[in-house]
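Here is the structure we will look at.
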Amino acid sequence: MSMSMKKDYKLLIPCDEAQHVCDKSQYNEASLLEKIKLNIHLAFCKACQKYTSNNIKLTKSMKKNNQHSCAMATNEKSDLQNIFEKELAKQQSNNQ
């Protein structure tokens with residue numbers, strides 16, 4: 001493979017990375033290079049285009065609904081955190 005071909009492939013990212021960058025981009029945490037790579041990926045990948053579209057809709061909806069919602073009670077946060085940690089531990093043990 002020639003050197004120029006390797007440089008071209010550095011701009012191509014797999015779908016899971018594209019989705020991660022999409023999520024980061026929603027919170028203004030993605031770098032310029034990541035955004036460029038994401039846009040190149042989105043030009044060719046219909047599945048990630050749909051993911052990005054849904055992600056944008058979800059973010060807008062969450063921002064809209066957050067203006068009218070109450071804060072979660074401390075005990076609810078604690079319960080949710082415990083459930084999350086249990087599920088995360090299950091996923092980690094299944095992946096190993």
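In the structure tokens, each chain is lettered A, B, ... as it comes, each chain's residues begin at 1, and ligands are numbered from 1 in order of appearance.
Residues surrounding region 48-57 of chain A within 7 Å are Cys15, Gln19, Cys22 and Leu42 of chain A [only C-alpha atoms; sequence separation below 5 positions excluded].
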*as a ChimeraX atom specification, list the residues of region 20-69 of chain A assigned to helix (DSSP H, G or I) by DSSP on the backbone atoms of this structure.*
/A:20-26,32-44,46-66
Selected residues written out with C-alpha atoms, as a PDB file, in the first residue's frame:
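And here is the file that came out, out38.pdb:
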```pdb
ATOM      1  CA  HIS A  20     -18.974   8.133  19.599  1.00  0.00           C
ATOM      2  CA  VAL A  21     -17.778  11.303  17.843  1.00  0.00           C
ATOM      3  CA  CYS A  22     -21.404  12.182  17.074  1.00  0.00           C
ATOM      4  CA  ASP A  23     -22.201  11.947  20.783  1.00  0.00           C
ATOM      5  CA  LYS A  24     -19.168  14.053  21.678  1.00  0.00           C
ATOM      6  CA  SER A  25     -20.108  16.591  19.050  1.00  0.00           C
ATOM      7  CA  GLN A  26     -23.564  17.033  20.592  1.00  0.00           C
ATOM      8  CA  LEU A  32     -12.151  19.727  14.627  1.00  0.00           C
ATOM      9  CA  LEU A  33     -10.390  16.666  13.158  1.00  0.00           C
ATOM     10  CA  GLU A  34     -12.978  14.344  14.726  1.00  0.00           C
ATOM     11  CA  LYS A  35     -15.798  16.435  13.248  1.00  0.00           C
ATOM     12  CA  ILE A  36     -14.160  16.334   9.818  1.00  0.00           C
ATOM     13  CA  LYS A  37     -13.774  12.547  10.016  1.00  0.00           C
ATOM     14  CA  LEU A  38     -17.392  12.236  11.156  1.00  0.00           C
ATOM     15  CA  ASN A  39     -18.666  14.319   8.242  1.00  0.00           C
ATOM     16  CA  ILE A  40     -16.668  12.249   5.754  1.00  0.00           C
ATOM     17  CA  HIS A  41     -18.096   9.075   7.310  1.00  0.00           C
ATOM     18  CA  LEU A  42     -21.627  10.488   7.226  1.00  0.00           C
ATOM     19  CA  ALA A  43     -21.291  11.237   3.523  1.00  0.00           C
ATOM     20  CA  PHE A  44     -21.131   7.483   2.855  1.00  0.00           C
ATOM     21  CA  LYS A  46     -26.751   5.831   5.795  1.00  0.00           C
ATOM     22  CA  ALA A  47     -26.941   4.057   9.171  1.00  0.00           C
ATOM     23  CA  CYS A  48     -24.791   6.684  10.863  1.00  0.00           C
ATOM     24  CA  GLN A  49     -26.721   9.454   9.129  1.00  0.00           C
ATOM     25  CA  LYS A  50     -29.866   8.092  10.783  1.00  0.00           C
ATOM     26  CA  TYR A  51     -28.076   7.732  14.142  1.00  0.00           C
ATOM     27  CA  THR A  52     -26.906  11.349  13.924  1.00  0.00           C
ATOM     28  CA  SER A  53     -30.368  12.574  12.959  1.00  0.00           C
ATOM     29  CA  ASN A  54     -31.948  10.722  15.885  1.00  0.00           C
ATOM     30  CA  ASN A  55     -29.231  11.964  18.221  1.00  0.00           C
ATOM     31  CA  ILE A  56     -29.906  15.583  17.207  1.00  0.00           C
ATOM     32  CA  LYS A  57     -33.649  15.112  17.723  1.00  0.00           C
ATOM     33  CA  LEU A  58     -33.071  13.537  21.140  1.00  0.00           C
ATOM     34  CA  THR A  59     -30.753  16.339  22.242  1.00  0.00           C
ATOM     35  CA  LYS A  60     -33.240  19.008  21.141  1.00  0.00           C
ATOM     36  CA  SER A  61     -36.053  17.191  22.909  1.00  0.00           C
ATOM     37  CA  MET A  62     -34.034  16.832  26.107  1.00  0.00           C
ATOM     38  CA  LYS A  63     -33.109  20.526  26.090  1.00  0.00           C
ATOM     39  CA  LYS A  64     -36.742  21.491  25.507  1.00  0.00           C
ATOM     40  CA  ASN A  65     -38.050  19.194  28.249  1.00  0.00           C
ATOM     41  CA  ASN A  66     -35.336  20.175  30.736  1.00  0.00           C
TER      42      ASN A  66
END
```
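Between CA of Ile13 (chain A) and CA of Ala30 (chain A) the interatomic distance comes to 14.3 Å.
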*What gap, in Å, lies between CA of Asn95 (chain A) and CA of Asp16 (chain A)?*
16.3 Å
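Counting from CA of Cys45 (chain A), the distance to CA of Glu17 (chain A) is 12.6 Å.
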